[in-house]
$ cat upload.txt   # compact mmCIF, C-alpha atoms
# COMPACT_ATOMS: atom_id res chain seq x y z
CA MET E 1 -113.22 -79.32 -59.71
CA ILE E 2 -112.47 -76.52 -57.26
CA LYS E 3 -109.03 -77.99 -56.42
CA LYS E 4 -108.06 -77.92 -60.08
CA ILE E 5 -109.04 -74.29 -60.37
CA LEU E 6 -107.03 -73.33 -57.27
CA LEU E 7 -104.01 -75.32 -58.45
CA GLY E 8 -104.11 -73.59 -61.84
CA PHE E 9 -104.35 -70.19 -60.17
CA VAL E 10 -101.26 -70.92 -57.98
CA LEU E 11 -99.25 -72.11 -60.94
CA ALA E 12 -100.22 -69.07 -62.97
CA THR E 13 -99.22 -66.81 -60.10
CA VAL E 14 -95.80 -68.52 -59.75
CA VAL E 15 -95.20 -68.26 -63.51
CA ILE E 16 -96.13 -64.58 -63.52
CA LEU E 17 -93.82 -63.81 -60.53
CA LEU E 18 -90.97 -65.75 -62.16
CA LEU E 19 -91.39 -63.78 -65.37
CA LEU E 20 -91.40 -60.48 -63.47
CA TRP E 21 -88.26 -61.48 -61.54
CA LEU E 22 -86.41 -62.38 -64.74
CA ALA E 23 -87.56 -59.17 -66.38
CA THR E 24 -86.17 -57.03 -63.51
CA GLY E 25 -82.66 -58.66 -63.65
CA GLY E 26 -83.09 -61.02 -60.76
CA PRO E 27 -80.13 -63.38 -61.55
CA ARG E 28 -77.66 -60.44 -61.80
CA LYS E 29 -78.73 -59.07 -58.44
CA ILE E 30 -78.25 -62.47 -56.78
CA GLY E 31 -74.69 -62.79 -58.24
CA ALA E 32 -73.76 -59.31 -57.05
CA ALA E 33 -75.15 -60.01 -53.61
CA ALA E 34 -73.24 -63.30 -53.45
CA ARG E 35 -69.99 -61.63 -54.38
CA GLY E 36 -70.51 -59.04 -51.63
CA ILE E 37 -70.87 -61.68 -48.91
CA THR E 38 -67.52 -62.14 -46.97
CA ASN E 39 -66.43 -65.63 -46.31
CA SER E 40 -67.06 -66.37 -42.64
CA PHE E 41 -63.78 -68.25 -42.47
CA ASN E 42 -61.97 -65.16 -43.62
CA LEU E 43 -63.72 -63.11 -40.99
CA LEU E 44 -62.29 -65.38 -38.33
CA PHE E 45 -58.70 -65.82 -39.53
CA TRP E 46 -57.82 -63.18 -42.10
CA SER E 47 -58.51 -59.58 -42.84
CA ALA E 48 -59.15 -58.57 -46.41
CA THR E 49 -58.10 -55.23 -47.88
CA SER E 50 -59.54 -53.26 -50.70
CA THR E 51 -56.78 -54.60 -52.95
CA GLY E 52 -57.71 -58.17 -52.24
CA GLU E 53 -54.72 -58.80 -50.01
CA PHE E 54 -55.07 -60.80 -46.83
CA ARG E 55 -53.21 -60.46 -43.54
CA LEU E 56 -53.28 -62.15 -40.18
CA PRO E 57 -55.16 -60.43 -37.35
CA TRP E 58 -51.92 -59.59 -35.52
CA GLN E 59 -50.25 -58.31 -38.68
CA PRO E 60 -50.09 -54.46 -38.88
CA ALA E 61 -51.94 -52.76 -41.67
CA GLU E 62 -48.68 -51.39 -43.14
CA LEU E 63 -45.09 -52.58 -42.77
CA THR E 64 -42.92 -49.89 -41.06
CA LEU E 65 -39.42 -49.90 -42.57
CA GLY E 66 -37.92 -47.64 -39.83
CA ALA E 67 -35.53 -44.65 -40.13
CA ASP E 68 -33.43 -43.98 -43.19
CA LEU E 69 -29.87 -45.38 -42.95
CA SER E 70 -28.39 -41.91 -43.50
CA GLU E 71 -30.39 -40.59 -40.57
CA ILE E 72 -29.05 -43.43 -38.43
CA ARG E 73 -25.47 -42.59 -39.43
CA ASP E 74 -26.01 -38.89 -38.68
CA ALA E 75 -27.38 -39.76 -35.26
CA GLU E 76 -24.43 -42.04 -34.55
CA GLU E 77 -21.94 -39.35 -35.62
CA ALA E 78 -23.69 -36.74 -33.47
CA MET E 79 -23.59 -39.12 -30.52
CA GLU E 80 -19.88 -39.81 -31.13
CA ASP E 81 -19.11 -36.08 -31.33
CA GLY E 82 -21.02 -35.47 -28.12
CA THR E 83 -19.12 -38.28 -26.43
CA GLN E 84 -15.75 -36.89 -27.56
CA GLU E 85 -16.70 -33.40 -26.39
CA GLU E 86 -17.73 -34.77 -23.01
CA GLU E 87 -14.47 -36.71 -22.77
CA GLY E 88 -12.57 -33.50 -23.64
CA ARG E 89 -14.30 -31.60 -20.85
CA SER E 90 -13.63 -34.40 -18.40
CA GLN E 91 -9.95 -34.46 -19.38
CA LYS E 92 -9.66 -30.70 -18.89
CA GLU E 93 -11.29 -30.95 -15.47
CA TYR E 94 -8.91 -33.75 -14.55
CA ASP E 95 -5.88 -31.81 -15.76
CA SER E 96 -7.01 -28.76 -13.78
CA LEU E 97 -7.50 -30.79 -10.60
CA PHE E 98 -4.13 -32.50 -11.11
CA ALA E 99 -2.41 -29.14 -11.59
CA GLN E 100 -4.04 -27.84 -8.41
CA MET E 101 -2.86 -30.91 -6.51
CA GLU E 102 0.70 -30.48 -7.80
CA ALA E 103 0.62 -26.76 -6.99
CA THR E 104 -0.52 -27.60 -3.46
CA LYS E 105 2.42 -29.98 -3.06
CA THR E 106 4.80 -27.24 -4.24
CA PHE E 107 3.16 -24.49 -2.22
CA GLY E 108 2.95 -26.40 1.02
CA GLU E 109 0.84 -25.37 4.01
CA PRO E 110 -0.53 -21.84 3.41
CA SER E 111 0.42 -19.09 5.85
CA PRO E 112 -2.05 -16.56 7.27
CA TYR E 113 0.16 -13.97 5.53
CA ARG E 114 -0.49 -15.49 2.12
CA GLY E 115 -1.36 -12.72 -0.31
CA LYS E 116 -0.01 -10.03 2.01
CA ILE E 117 3.58 -10.36 0.79
CA ARG E 118 4.62 -11.55 -2.68
CA ILE E 119 8.06 -12.44 -3.98
CA ALA E 120 9.43 -12.12 -7.50
CA GLU E 121 12.22 -14.14 -9.11
CA SER E 122 14.16 -11.04 -10.21
CA GLY E 123 17.82 -12.09 -9.87
CA ALA E 124 17.42 -15.49 -8.21
CA ALA E 125 19.22 -17.22 -11.08
CA GLU E 126 22.32 -15.01 -10.77
CA ARG E 127 25.65 -15.91 -9.23
CA LEU E 128 26.26 -15.23 -5.54
CA ALA E 129 27.41 -11.63 -6.07
CA ALA E 130 24.05 -10.73 -7.63
CA GLU E 131 21.71 -13.50 -6.37
CA HIS E 132 18.60 -11.88 -4.91
CA ILE E 133 14.82 -11.97 -4.68
CA GLU E 134 12.45 -9.03 -4.49
CA ALA E 135 9.56 -8.98 -2.02
CA GLU E 136 6.62 -6.61 -2.19
CA VAL E 137 4.06 -5.96 0.53
CA ALA E 138 0.43 -5.48 -0.42
CA SER E 139 -0.63 -1.86 -0.09
CA GLU E 140 -4.01 -3.04 1.26
CA ASN E 141 -2.39 -4.29 4.48
CA THR E 142 -3.51 -2.41 7.54
CA ALA E 143 -0.29 -2.79 9.59
CA PRO E 144 3.43 -3.51 9.13
CA ILE E 145 4.47 -7.18 8.99
CA GLY E 146 7.47 -8.44 10.95
CA VAL E 147 9.59 -10.79 8.82
CA ALA E 148 12.52 -11.50 11.14
CA GLY E 149 12.76 -15.28 11.52
CA TRP E 150 11.08 -15.88 8.19
CA SER E 151 13.02 -17.87 5.61
CA LEU E 152 13.50 -18.61 1.93
CA GLN E 153 13.76 -22.25 0.87
CA SER E 154 14.57 -24.05 -2.35
CA VAL E 155 12.00 -26.82 -2.90
CA LEU E 156 14.44 -28.73 -5.12
CA THR E 157 17.57 -28.62 -2.94
CA GLY E 158 15.98 -28.05 0.46
CA ILE E 159 18.45 -25.23 1.24
CA ARG E 160 16.86 -22.76 3.64
CA ALA E 161 18.13 -19.30 4.67
CA TYR E 162 16.63 -17.19 7.43
CA ILE E 163 15.88 -13.46 7.29
CA PRO E 164 17.99 -11.70 9.96
CA ARG E 165 17.39 -8.57 11.99
CA GLY E 166 18.46 -5.19 10.61
CA SER E 167 19.05 -1.50 11.25
CA ASP E 168 16.14 0.90 10.83
CA VAL E 169 18.51 3.89 10.56
CA PHE E 170 21.95 2.80 9.45
CA VAL E 171 24.85 5.08 10.43
CA LEU E 172 28.16 4.61 8.66
CA GLY E 173 31.03 3.62 10.96
CA ASP E 174 28.77 3.21 13.98
CA LEU E 175 27.73 0.12 15.93
CA ASN E 176 24.20 -0.07 14.59
CA PRO E 177 21.58 -1.60 16.90
CA GLN E 178 19.75 -4.57 15.38
CA GLN E 179 15.98 -4.96 15.51
CA ASP E 180 13.26 -7.06 13.91
CA ILE E 181 12.49 -5.98 10.37
CA TYR E 182 8.97 -4.71 9.76
CA LEU E 183 7.67 -4.10 6.25
CA SER E 184 5.02 -1.41 6.00
CA PRO E 185 2.04 -1.62 3.59
CA GLY E 186 3.34 -1.03 0.06
CA ALA E 187 6.98 -1.53 1.10
CA LYS E 188 9.56 -3.39 -0.97
CA ALA E 189 12.59 -5.42 0.04
CA ILE E 190 15.52 -6.75 -1.93
CA ILE E 191 16.69 -9.96 -0.28
CA SER E 192 20.26 -10.85 -1.29
CA SER E 193 22.04 -14.13 -0.62
CA LYS E 194 25.44 -12.61 0.15
CA SER E 195 26.68 -10.55 3.10
CA SER E 196 25.91 -6.85 3.37
CA PRO E 197 28.49 -4.42 1.91
CA VAL E 198 28.00 -2.26 5.03
CA GLY E 199 27.81 -5.10 7.55
CA THR E 200 24.05 -5.14 8.20
CA SER E 201 20.63 -5.22 6.62
CA PHE E 202 19.18 -1.73 6.57
CA ARG E 203 16.18 0.39 5.70
CA GLU E 204 16.78 2.84 2.88
CA ASN E 205 16.42 6.58 3.40
CA VAL E 206 16.88 9.82 1.44
CA CYS E 207 20.64 9.65 2.06
CA THR E 208 21.24 6.03 1.00
CA GLY E 209 22.47 7.12 -2.43
CA TYR E 210 25.72 8.34 -0.86
CA LEU E 211 26.56 4.72 0.04
CA ALA E 212 26.69 3.86 -3.65
CA GLY E 213 29.84 5.96 -3.91
CA LEU E 214 31.54 3.80 -1.29
CA GLN E 215 30.36 0.22 -1.99
CA THR E 216 28.82 -1.81 -4.84
CA PHE E 217 25.16 -2.72 -4.36
CA VAL E 218 23.15 -5.15 -6.51
CA PRO E 219 20.73 -3.93 -7.67
CA ALA E 220 22.23 -0.43 -7.60
CA LEU E 221 21.02 2.06 -5.03
CA SER E 222 18.96 5.02 -6.16
CA ARG E 223 21.00 8.19 -6.64
CA SER E 224 18.35 10.47 -5.23
CA CYS E 225 19.59 12.68 -2.39
CA PRO E 226 18.75 16.17 -1.12
CA PRO E 227 20.43 18.75 -3.40
CA ALA E 228 23.64 20.33 -2.17
CA ARG E 229 22.50 23.87 -2.97
CA GLY E 230 19.80 23.57 -0.36
CA LEU E 231 22.42 23.15 2.34
CA LEU E 232 24.13 26.45 1.68
CA PRO E 233 21.72 29.40 1.48
CA LEU E 234 23.00 32.33 -0.56
CA THR E 235 23.32 34.98 2.16
CA PRO E 236 25.87 37.80 2.68
CA ASP E 237 27.34 36.03 5.72
CA ASN E 238 27.78 32.73 3.81
CA LEU E 239 29.32 34.57 0.87
CA ARG E 240 31.91 36.17 3.14
CA THR E 241 32.58 32.86 4.97
CA TYR E 242 32.74 30.41 2.09
CA GLY E 243 33.32 32.57 -0.98
CA ASP E 244 31.56 32.75 -4.35
CA ALA E 245 33.39 29.70 -5.73
CA CYS E 246 31.92 27.50 -2.98
CA PHE E 247 28.36 28.19 -4.14
CA ASP E 248 29.22 27.58 -7.79
CA PHE E 249 30.95 24.30 -6.97
CA ALA E 250 28.12 23.07 -4.71
CA GLU E 251 25.54 23.69 -7.44
CA SER E 252 27.64 21.80 -10.01
CA LEU E 253 27.69 18.58 -7.99
CA PRO E 254 25.20 15.84 -9.04
CA PRO E 255 22.88 14.29 -6.38
CA CYS E 256 24.57 11.98 -3.86
CA ALA E 257 28.04 12.95 -5.06
CA LEU E 258 30.91 13.03 -2.58
CA PRO E 259 33.23 16.07 -2.95
CA LEU E 260 36.34 13.95 -3.41
CA SER E 261 38.07 16.31 -5.82
CA VAL E 262 37.74 19.97 -4.83
CA PRO E 263 39.12 22.79 -7.03
CA SER E 264 42.10 24.72 -5.65
CA ASN E 265 40.17 27.98 -5.59
CA ILE E 266 37.76 26.66 -2.96
CA ALA E 267 38.27 28.28 0.47
CA PRO E 268 39.24 26.00 3.40
CA ALA E 269 35.98 26.82 5.20
CA CYS E 270 34.05 25.63 2.14
CA ARG E 271 36.06 22.40 1.99
CA ILE E 272 35.22 21.62 5.61
CA PHE E 273 31.55 22.47 5.09
CA LEU E 274 31.27 20.24 2.03
CA ALA E 275 33.06 17.33 3.72
CA ASN E 276 30.76 17.53 6.74
CA ASN E 277 27.50 17.90 4.84
CA LEU E 278 27.90 16.24 1.44
CA SER E 279 28.33 12.74 2.88
CA TYR E 280 26.13 9.92 4.08
CA ASN E 281 26.41 10.67 7.78
CA GLY E 282 26.20 14.43 7.16
CA CYS E 283 23.03 13.93 5.17
CA ILE E 284 21.55 11.89 8.01
CA LEU E 285 22.29 14.65 10.52
CA ASN E 286 20.58 17.22 8.30
CA ASN E 287 17.51 15.16 7.36
CA ARG E 288 16.85 12.55 10.07
CA GLY E 289 14.13 14.59 11.75
CA LYS E 290 12.12 15.12 8.57
CA SER E 291 8.99 13.08 7.83
CA SER E 292 10.33 12.21 4.37
CA PHE E 293 13.59 10.76 5.72
CA SER E 294 12.78 7.02 5.88
CA GLN E 295 11.69 5.15 2.75
CA ASP E 296 9.50 2.06 2.39
CA SER E 297 12.31 -0.11 1.06
CA TRP E 298 14.79 -2.49 2.70
CA ARG E 299 18.06 -4.13 1.76
CA ILE E 300 18.11 -7.54 3.48
CA TYR E 301 21.18 -9.80 3.41
CA LEU E 302 21.09 -13.52 4.22
CA ASN E 303 24.87 -13.71 4.82
CA SER E 304 25.33 -16.93 2.84
CA ALA E 305 28.82 -18.14 1.89
CA GLY E 306 27.49 -19.76 -1.27
CA GLU E 307 24.61 -19.67 -3.73
CA LEU E 308 21.24 -20.53 -2.26
CA TRP E 309 19.30 -21.27 -5.44
CA ARG E 310 19.91 -23.03 -8.72
CA ASN E 311 20.96 -20.90 -11.67
CA SER E 312 18.78 -22.72 -14.19
CA HIS E 313 15.42 -23.71 -12.69
CA ASP E 314 14.17 -23.77 -9.12
CA VAL E 315 11.11 -23.41 -6.91
CA ILE E 316 11.55 -21.00 -4.01
CA ARG E 317 9.16 -20.56 -1.10
CA LEU E 318 8.89 -17.68 1.36
CA LEU E 319 8.10 -19.22 4.76
CA ASP E 320 6.88 -17.58 7.95
CA LYS E 321 8.21 -18.40 11.43
CA GLU E 322 6.13 -21.57 11.63
CA GLY E 323 7.38 -22.78 8.24
CA ARG E 324 4.07 -22.11 6.46
CA THR E 325 4.21 -20.81 2.89
CA VAL E 326 3.57 -17.12 2.33
CA ASP E 327 4.38 -17.18 -1.39
CA VAL E 328 6.18 -19.33 -3.96
CA ILE E 329 7.93 -18.63 -7.26
CA THR E 330 9.04 -20.96 -10.04
CA TYR E 331 11.63 -20.19 -12.69
$ encode --input "upload.txt" --output "structure tokens"
Amino acid sequence: MIKKILLGFVLATVVILLLLWLATGGPRKIGAAARGITNSFNLLFWSATSTGEFRLPWQPAELTLGADLSEIRDAEEAMEDGTQEEEGRSQKEYDSLFAQMEATKTFGEPSPYRGKIRIAESGAAERLAAEHIEAEVASENTAPIGVAGWSLQSVLTGIRAYIPRGSDVFVLGDLNPQQDIYLSPGAKAIISSKSSPVGTSFRENVCTGYLAGLQTFVPALSRSCPPARGLLPLTPDNLRTYGDACFDFAESLPPCALPLSVPSNIAPACRIFLANNLSYNGCILNNRGKSSFSQDSWRIYLNSAGELWRNSHDVIRLLDKEGRTVDVITY
């Protein structure tokens, strides 16, 4: 009897709980819970996304497409431009090095006097009568440079001419002693291929302009000589000796002019005075002891019987005694 009562109570309790579960939406909660449970197989081999897509464990979450094609092209063009620019710089460096190598071949072995004396083409392309080169000594030099025994050489033909000795004070009609030529700081020299019109190389002085009236010099000599009026002071004694006309005629003469044609009204004493003083040798006698007598310029003659350099294009080197290059010109 008791068992039946207990059994009925258990059944009633189960029925009541079942009714309560149904009333509170039990089946819907179980379905929702079931849908929320992830398949264990998927947990092992796939990964699910919120959109329901699946991917392998080693597959990235998003597929990276990489850079835009236009960006790739821009990068390639920039790289190409950089490469061309680098090639251009390399070519310029090569050209510069090649030019230096060629210049070294042309220049030859440098002399210790390099930079102390420079030569200029000037009239190198002229015919023999006017063929010459100008040399200029640096004013920064601290001492004169002896150039006797130096030479000028054509790189193309190999012809070489040596600088001779010369006369420091040339006297017309005299046997002029020869000595090594020294070029002072700032001095200039015109080096001509031909022989000297006066028989020697010489240093110019304040009287050299008188020589232009006797011989042709290329380039022409400067016509700058002491004025004639300074030779004949206007004093009573001179007026009585030479006459008024002598003073007027002396003042009318241009610098470095020789009194070759004297008016008939000039007194004989005046004629003798002018002939003795208005001449190259007379000028030397009157001015040789003055500090301004010698000039820093030379006329040097190589005494060649023919042209030394080409008239069109050539490369000429100035060489010292040991054959080392002091300077080079190209024309």
$ residues_around --input "upload.txt" --residues "Glu204 in chain E" --least-positions-apart "5" --cutoff "12 Å" --atoms "all atoms listed in the file" --output "PyMOL selection string"
chain E and resi 166-171+183+187-190+209-212+221-225+280+284+292-300
$ closest_residue --input "upload.txt" --among "E:Ile2, E:Ile117, E:Leu128, E:Ile163" --to "Pro144 in chain E" --atoms "all atoms listed in the file"
E:Ile117
$ closest_residue --input "upload.txt" --among "E:Leu319, E:Val328, E:Leu302, E:Ala135" --to "Arg165 in chain E" --atoms "only C-alpha atoms"
E:Leu302
$ atom_distance --input "upload.txt" --atom1 "CA of Pro219 in chain E" --atom2 "CA of Leu308 in chain E"
17.5 Å
$ atom_distance --input "upload.txt" --atom1 "CA of Tyr331 in chain E" --atom2 "CA of Thr200 in chain E"
28.6 Å
$ atom_distance --input "upload.txt" --atom1 "CA of Ser201 in chain E" --atom2 "CA of Gln215 in chain E"
14.1 Å
$ closest_residue --input "upload.txt" --among "E:Ile191, E:Ala267, E:Leu260, E:Leu172" --to "Ile119 in chain E" --atoms "all atoms listed in the file"
E:Ile191
$ residues_around --input "upload.txt" --residues "range 256-259 of chain E" --least-positions-apart "6" --cutoff "12 Å" --atoms "only C-alpha atoms" --output "ChimeraX atom specification"
/E:206-214,221-228,246,249-250,266,270-283
$ closest_residue --input "upload.txt" --among "E:Ser252, E:Thr241, E:Ser192, E:Asn286" --to "Ala269 in chain E" --atoms "only C-alpha atoms"
E:Thr241
